[in-house]
file final01.txt (compact mmCIF, C-alpha atoms)
# COMPACT_ATOMS: atom_id res chain seq x y z
CA MET A 1489 168.34 362.43 -27.17
CA LEU A 1490 164.96 361.85 -25.54
CA THR A 1491 163.61 364.98 -23.89
CA TYR A 1492 160.59 365.48 -21.70
CA THR A 1493 158.09 368.17 -20.79
CA ILE A 1494 157.33 368.87 -17.12
CA ARG A 1495 154.19 370.63 -15.94
CA ALA A 1496 153.63 371.76 -12.35
CA TYR A 1497 150.04 371.64 -11.11
CA ARG A 1498 149.00 373.37 -7.92
CA THR A 1499 147.12 371.00 -5.64
CA ALA A 1500 146.93 373.18 -2.50
CA GLU A 1501 148.35 376.34 -0.97
CA LEU A 1502 149.07 377.79 2.46
CA VAL A 1503 150.98 380.57 4.19
CA LEU A 1504 153.74 379.21 6.41
CA ARG A 1505 155.34 380.99 9.34
CA GLY A 1506 158.83 382.23 8.56
CA ASN A 1507 160.52 380.19 11.28
CA HIS A 1508 159.24 377.03 9.60
CA ALA A 1509 160.18 378.18 6.11
CA PHE A 1510 163.80 379.10 6.93
CA ASP A 1511 166.26 378.35 9.70
CA GLY A 1512 166.22 381.40 11.97
CA GLY A 1513 163.21 382.89 10.18
CA ASN A 1514 160.75 385.30 11.77
CA ARG A 1515 157.72 383.51 13.19
CA ASN A 1516 155.39 386.31 12.11
CA GLU A 1517 156.75 386.66 8.57
CA PRO A 1518 154.37 385.08 6.03
CA TRP A 1519 155.72 382.76 3.34
CA PRO A 1520 153.27 381.58 0.67
CA TYR A 1521 153.71 377.89 -0.11
CA VAL A 1522 152.20 375.81 -2.90
CA MET A 1523 151.87 372.03 -2.98
CA PHE A 1524 152.57 370.60 -6.42
CA VAL A 1525 151.87 367.54 -8.49
CA TRP A 1526 154.35 367.24 -11.37
CA ILE A 1527 153.41 365.53 -14.64
CA ILE A 1528 156.15 364.49 -17.06
CA THR A 1529 155.35 363.67 -20.67
CA GLY A 1530 157.39 362.89 -23.75
CA GLY A 1531 158.14 359.22 -23.15
CA ASP A 1532 156.00 356.22 -23.95
CA LYS A 1533 153.65 356.93 -21.05
CA PRO A 1534 153.07 359.80 -18.62
CA ILE A 1535 154.99 359.98 -15.35
CA VAL A 1536 153.95 361.65 -12.10
CA VAL A 1537 156.20 363.11 -9.41
CA ASP A 1538 154.48 363.42 -6.03
CA THR A 1539 150.76 362.80 -5.76
CA GLY A 1540 149.67 365.58 -3.41
CA PRO A 1541 147.46 365.59 -0.32
CA LYS A 1542 144.14 363.84 0.07
CA ASP A 1543 142.62 365.01 3.36
CA ILE A 1544 143.18 368.75 3.77
CA ASP A 1545 141.67 368.81 7.25
CA GLU A 1546 144.17 366.18 8.37
CA ILE A 1547 147.08 368.22 7.04
CA ASN A 1548 145.86 371.32 8.85
CA ARG A 1549 145.52 369.39 12.10
CA GLY A 1550 149.08 368.16 11.68
CA LEU A 1551 150.53 371.57 10.82
CA GLY A 1552 148.72 373.29 13.67
CA ASP A 1553 150.30 376.65 14.49
CA MET A 1554 152.99 376.34 11.81
CA CYS A 1555 150.71 378.20 9.39
CA ILE A 1556 149.57 381.81 9.32
CA GLU A 1557 146.90 380.77 6.82
CA PRO A 1558 145.80 377.13 6.65
CA VAL A 1559 146.14 374.76 3.73
CA VAL A 1560 143.43 375.33 1.12
CA GLN A 1561 142.60 373.14 -1.85
CA ARG A 1562 140.42 374.90 -4.39
CA GLU A 1563 137.98 373.37 -6.80
CA GLY A 1564 139.82 371.58 -9.59
CA GLU A 1565 143.02 371.09 -7.59
CA ASP A 1566 142.44 367.52 -6.41
CA ILE A 1567 144.49 364.81 -8.08
CA ARG A 1568 141.75 363.46 -10.34
CA ALA A 1569 140.85 366.94 -11.58
CA ILE A 1570 144.52 367.67 -12.27
CA LEU A 1571 144.91 364.48 -14.28
CA ALA A 1572 141.76 365.25 -16.26
CA ARG A 1573 143.05 368.74 -17.03
CA ALA A 1574 146.34 367.24 -18.21
CA HIS A 1575 144.48 364.67 -20.34
CA VAL A 1576 146.17 361.86 -18.41
CA ASP A 1577 144.39 358.61 -17.61
CA PRO A 1578 145.72 357.50 -14.20
CA ALA A 1579 145.72 353.90 -15.41
CA ASP A 1580 148.22 354.90 -18.13
CA VAL A 1581 150.79 356.40 -15.75
CA SER A 1582 153.86 354.17 -15.86
CA HIS A 1583 155.85 355.53 -12.90
CA VAL A 1584 155.17 357.60 -9.80
CA PHE A 1585 158.29 359.12 -8.22
CA PHE A 1586 158.23 360.36 -4.62
CA THR A 1587 160.67 363.14 -3.75
CA HIS A 1588 160.01 362.01 -0.17
CA MET A 1589 157.26 360.31 1.75
CA HIS A 1590 155.47 363.00 3.75
CA TYR A 1591 151.68 363.05 3.64
CA ASP A 1592 151.40 366.02 1.28
CA HIS A 1593 153.59 364.25 -1.29
CA VAL A 1594 152.41 360.61 -1.21
CA SER A 1595 148.65 360.61 -0.69
CA ASN A 1596 146.55 359.50 -3.65
CA ILE A 1597 148.97 356.78 -4.74
CA ASP A 1598 145.92 354.51 -4.88
CA VAL A 1599 144.75 356.53 -7.90
CA PHE A 1600 147.53 354.95 -10.02
CA PRO A 1601 146.83 351.20 -10.18
CA ASN A 1602 149.45 350.28 -12.77
CA ALA A 1603 152.34 352.58 -11.92
CA TYR A 1604 155.71 351.54 -10.61
CA ILE A 1605 156.44 353.41 -7.38
CA VAL A 1606 159.93 354.90 -7.28
CA VAL A 1607 161.34 355.67 -3.83
CA ASP A 1608 164.74 356.22 -2.28
CA HIS A 1609 166.26 352.87 -1.24
CA HIS A 1610 167.99 354.07 1.91
CA GLY A 1611 164.95 356.02 3.04
CA TYR A 1612 162.56 353.14 2.46
CA GLU A 1613 164.68 350.78 4.55
CA GLU A 1614 164.92 353.40 7.28
CA ALA A 1615 161.14 353.88 7.18
CA LEU A 1616 160.62 350.16 7.73
CA ARG A 1617 163.10 350.17 10.61
CA ARG A 1618 161.32 353.07 12.27
CA LEU A 1619 157.96 351.45 11.59
CA ASP A 1620 159.00 348.59 13.85
CA LEU A 1621 159.83 351.18 16.52
CA GLY A 1622 156.57 353.08 16.09
CA LEU A 1623 158.46 356.14 14.81
CA CYS A 1624 157.77 356.03 11.07
CA TRP A 1625 157.05 359.34 9.32
CA VAL A 1626 155.38 357.72 6.28
CA PRO A 1627 151.55 357.58 6.37
CA GLY A 1628 150.22 354.14 7.19
CA GLU A 1629 148.03 354.14 4.09
CA VAL A 1630 151.26 354.17 2.06
CA ILE A 1631 153.95 352.32 4.01
CA PHE A 1632 151.86 349.25 4.89
CA PRO A 1633 150.78 348.51 1.29
CA MET A 1634 154.34 349.17 0.13
CA ARG A 1635 155.60 346.57 2.56
CA ASP A 1636 152.79 344.02 2.26
CA GLN A 1637 151.14 344.40 -1.16
CA TRP A 1638 153.16 346.48 -3.61
CA GLN A 1639 156.57 344.79 -3.54
CA ASP A 1640 156.32 343.95 -7.23
CA ARG A 1641 155.62 347.61 -8.02
CA LEU A 1642 158.38 349.15 -5.91
CA ILE A 1643 161.55 350.43 -7.53
CA LEU A 1644 164.10 351.25 -4.83
CA VAL A 1645 166.67 353.66 -6.21
CA GLU A 1646 169.93 355.33 -5.29
CA ASP A 1647 171.95 357.52 -7.66
CA GLN A 1648 170.88 356.03 -10.96
CA GLU A 1649 169.09 356.41 -14.27
CA VAL A 1650 165.57 355.03 -13.89
CA LEU A 1651 164.38 355.81 -17.40
CA PRO A 1652 166.24 357.30 -20.38
CA GLY A 1653 166.87 360.94 -19.47
CA ILE A 1654 165.47 360.62 -15.93
CA ARG A 1655 167.83 360.13 -12.98
CA THR A 1656 167.44 360.09 -9.22
CA PHE A 1657 169.91 360.94 -6.50
CA HIS A 1658 169.68 360.79 -2.72
CA VAL A 1659 169.73 364.15 -0.94
CA GLY A 1660 168.54 363.39 2.61
CA GLY A 1661 168.30 366.42 4.87
CA HIS A 1662 164.56 366.92 5.03
CA THR A 1663 163.78 363.21 5.52
CA PRO A 1664 165.88 360.04 5.25
CA CYS A 1665 164.01 359.23 2.02
CA SER A 1666 164.46 362.60 0.31
CA MET A 1667 165.70 362.39 -3.26
CA ALA A 1668 165.85 364.67 -6.28
CA ILE A 1669 164.69 363.78 -9.77
CA SER A 1670 166.71 365.01 -12.74
CA VAL A 1671 164.82 365.26 -16.03
CA GLN A 1672 166.28 366.04 -19.45
CA THR A 1673 164.17 368.66 -21.24
CA ALA A 1674 164.57 370.70 -24.41
CA GLN A 1675 165.61 373.61 -22.17
CA GLY A 1676 168.25 371.59 -20.34
CA LYS A 1677 168.38 369.43 -17.25
CA ALA A 1678 165.57 370.22 -14.79
CA ILE A 1679 165.80 368.97 -11.21
CA ILE A 1680 162.71 368.51 -9.07
CA THR A 1681 164.24 369.06 -5.66
CA GLY A 1682 161.63 367.99 -3.15
CA ASP A 1683 161.53 369.83 0.16
CA VAL A 1684 165.27 369.67 0.70
CA VAL A 1685 165.73 373.19 -0.68
CA SER A 1686 163.31 374.85 1.72
CA LEU A 1687 163.73 373.27 5.16
CA TYR A 1688 166.86 372.82 7.26
CA GLU A 1689 166.51 369.80 9.54
CA ASN A 1690 169.99 368.57 8.60
CA ARG A 1691 172.18 371.41 7.39
CA ASP A 1692 175.14 369.38 6.15
CA GLU A 1693 173.02 367.15 3.90
CA VAL A 1694 170.90 370.07 2.76
CA MET A 1695 173.92 372.17 1.79
CA ALA A 1696 175.52 369.22 -0.01
CA ALA A 1697 172.27 368.62 -1.87
CA MET A 1698 172.03 372.29 -2.83
CA ARG A 1699 175.59 372.26 -4.18
CA ARG A 1700 174.87 369.21 -6.31
CA ILE A 1701 171.59 370.64 -7.59
CA ARG A 1702 173.32 373.93 -8.42
CA ASP A 1703 176.14 372.15 -10.24
CA GLU A 1704 173.96 369.79 -12.27
CA ALA A 1705 170.77 371.70 -13.03
CA ASN A 1706 169.96 374.10 -15.82
CA ILE A 1707 166.51 374.48 -14.29
CA ILE A 1708 165.65 374.11 -10.59
CA LEU A 1709 162.10 373.20 -9.60
CA PRO A 1710 161.47 373.69 -5.86
CA SER A 1711 158.63 371.71 -4.35
CA HIS A 1712 156.60 374.53 -2.75
CA ASP A 1713 157.50 377.84 -4.43
CA PRO A 1714 154.57 379.66 -6.10
CA LYS A 1715 157.05 381.26 -8.53
CA VAL A 1716 157.27 377.93 -10.39
CA LEU A 1717 153.90 378.69 -11.98
CA GLU A 1718 154.97 382.25 -12.81
CA ARG A 1719 158.28 381.25 -14.39
CA PHE A 1720 157.00 378.19 -16.25
CA PRO A 1721 153.29 378.74 -16.96
CA ARG A 1722 153.50 376.51 -20.04
CA GLY A 1723 155.74 373.90 -18.44
CA ILE A 1724 159.38 373.03 -18.98
CA GLY A 1725 160.62 371.65 -22.27
CA THR A 1726 157.71 372.89 -24.36

call {"tool": "encode", "arguments": {"input": "final01.txt", "output": "structure tokens"}}
result
Amino acid sequence: MLTYTIRAYRTAELVLRGNHAFDGGNRNEPWPYVMFVWIITGGDKPIVVDTGPKDIDEINRGLGDMCIEPVVQREGEDIRAILARAHVDPADVSHVFFTHMHYDHVSNIDVFPNAYIVVDHHGYEEALRRLDLGLCWVPGEVIFPMRDQWQDRLILVEDQEVLPGIRTFHVGGHTPCSMAISVQTAQGKAIITGDVVSLYENRDEVMAAMRRIRDEANIILPSHDPKVLERFPRGIGT
């Protein structure tokens, strides 16, 4: 059985107010958050899950008062530095998976000229519908090229195996395009959850997603928890 190794790379950090971290949370309670880029190796070519933020000032303007401490990206945490540290040539990356299409997860897709772009089918169609209404949540720098230039690179997925040992399934909840990525590793099945495990915009979908993740995963990889780096400093599947 083909198994993979997953490494989480911090690309930014912030301290979020508790009421934005959890439903009913205390506004003044600080919750440290980390933004991750995930690199998966073990197949023919490297794979990336989420590409991180590009313009930190823009993120901070968008978050406004949601943060106790603003988003900070330290030296060596930008996408190109992360790839260099991982010894990955961006031109060699075969697939980029998006857990969802918020700015902090989809910026820098232009760094990967040859990668297939894997997104949730239902969410992509909904994004295009809302784009026509002027209500799209996906950054213009991503959704317009997806629609107009990258059709031959798009892989629109539902609950399916995309590559041997790598599956996707729709979770919704956080955004209409939220999906989880299940990866077979030497330590068991690891699921990169996206933001669905940390925010509660749609409780029914979130709880259903959590039940499925709990039932299927040997290893759970939340999208913003600093403990990922503490628990798996050498990656998963090594």

call {"tool": "closest_atom_pairs", "arguments": {"input": "final01.txt", "of": "region 1495-1536 of chain A", "to": "region 1591-1600 of chain A", "cutoff": "10 Å", "atoms": "only C-alpha atoms", "output": "JSON lines"}}
result
{"residue": "A:Thr1499", "atom": "CA", "partner": "A:Asp1592", "partner_atom": "CA", "distance": 9.5}
{"residue": "A:Ala1500", "atom": "CA", "partner": "A:Asp1592", "partner_atom": "CA", "distance": 9.2}
{"residue": "A:Met1523", "atom": "CA", "partner": "A:Asp1592", "partner_atom": "CA", "distance": 7.4}
{"residue": "A:Phe1524", "atom": "CA", "partner": "A:His1593", "partner_atom": "CA", "distance": 8.2}
{"residue": "A:Val1525", "atom": "CA", "partner": "A:His1593", "partner_atom": "CA", "distance": 8.1}
{"residue": "A:Val1536", "atom": "CA", "partner": "A:Phe1600", "partner_atom": "CA", "distance": 9.5}

call {"tool": "write_last_selection", "arguments": {"input": "final01.txt", "atoms": "C-alpha atoms", "output": "tab-separated table (two decimals), in the coordinates of the input"}}
result
chain	number	residue	atom	x	y	z
A	1499	THR	CA	147.12	371.00	-5.64
A	1500	ALA	CA	146.93	373.18	-2.50
A	1523	MET	CA	151.87	372.03	-2.98
A	1524	PHE	CA	152.57	370.60	-6.42
A	1525	VAL	CA	151.87	367.54	-8.49
A	1536	VAL	CA	153.95	361.65	-12.10

call {"tool": "closest_residue", "arguments": {"input": "final01.txt", "among": "A:Ile1724, A:Leu1717, A:Ile1708, A:Leu1551", "to": "Ala1668 (chain A)", "atoms": "only C-alpha atoms"}}
result
A:Ile1708

call {"tool": "closest_residue", "arguments": {"input": "final01.txt", "among": "A:Pro1714, A:Pro1664, A:Gly1611, A:Thr1673", "to": "Leu1644 (chain A)", "atoms": "all atoms listed in the file"}}
result
A:Gly1611

call {"tool": "closest_residue", "arguments": {"input": "final01.txt", "among": "A:Gly1660, A:Pro1633, A:Pro1601, A:Gly1723", "to": "Arg1495 (chain A)", "atoms": "all atoms listed in the file"}}
result
A:Gly1723

call {"tool": "residues_near_point", "arguments": {"input": "final01.txt", "point": "(167.3, 362.1, -26.6)", "cutoff": "8 Å", "atoms": "all atoms listed in the file", "output": "list in words"}}
result
Met1489, Leu1490, Thr1491, Pro1652 and Gly1653 of chain A

call {"tool": "residues_near_point", "arguments": {"input": "final01.txt", "point": "(163.6, 348.9, -1.9)", "cutoff": "10 Å", "atoms": "all atoms listed in the file", "output": "list in words"}}
result
Val1606, Val1607, Asp1608, His1609, His1610, Gly1611, Tyr1612, Glu1613, Met1634, Arg1635, Gln1639, Leu1642, Ile1643, Leu1644, Val1645 and Glu1646 of chain A

call {"tool": "closest_residue", "arguments": {"input": "final01.txt", "among": "A:Met1589, A:Ala1678, A:Leu1709, A:Val1503", "to": "Gly1628 (chain A)", "atoms": "all atoms listed in the file"}}
result
A:Met1589

call {"tool": "atom_distance", "arguments": {"input": "final01.txt", "atom1": "CA of Ala1509 (chain A)", "atom2": "CA of Glu1629 (chain A)"}}
result
27.0 Å

call {"tool": "residues_around", "arguments": {"input": "final01.txt", "residues": "Asp1566 (chain A)", "least_positions_apart": "3", "cutoff": "10 Å", "atoms": "all atoms listed in the file", "output": "list in words"}}
result
Tyr1497, Arg1498, Thr1499, Ala1500, Val1525, Thr1539, Gly1540, Pro1541, Lys1542, Gln1561, Arg1562, Glu1563, Ala1569, Ile1570, Leu1571 and Asn1596 of chain A

call {"tool": "write_last_selection", "arguments": {"input": "final01.txt", "atoms": "C-alpha atoms", "output": "short mmCIF file (atom, residue, chain, number, x, y, z; two decimals), in the frame of the given file"}}
result
data_model
loop_
_atom_site.label_atom_id
_atom_site.label_comp_id
_atom_site.auth_asym_id
_atom_site.auth_seq_id
_atom_site.Cartn_x
_atom_site.Cartn_y
_atom_site.Cartn_z
CA TYR A 1497 150.04 371.64 -11.11
CA ARG A 1498 149.00 373.37 -7.92
CA THR A 1499 147.12 371.00 -5.64
CA ALA A 1500 146.93 373.18 -2.50
CA VAL A 1525 151.87 367.54 -8.49
CA THR A 1539 150.76 362.80 -5.76
CA GLY A 1540 149.67 365.58 -3.41
CA PRO A 1541 147.46 365.59 -0.32
CA LYS A 1542 144.14 363.84 0.07
CA GLN A 1561 142.60 373.14 -1.85
CA ARG A 1562 140.42 374.90 -4.39
CA GLU A 1563 137.98 373.37 -6.80
CA ALA A 1569 140.85 366.94 -11.58
CA ILE A 1570 144.52 367.67 -12.27
CA LEU A 1571 144.91 364.48 -14.28
CA ASN A 1596 146.55 359.50 -3.65
#

call {"tool": "atom_distance", "arguments": {"input": "final01.txt", "atom1": "CA of Ala1579 (chain A)", "atom2": "CA of Pro1627 (chain A)"}}
result
22.8 Å
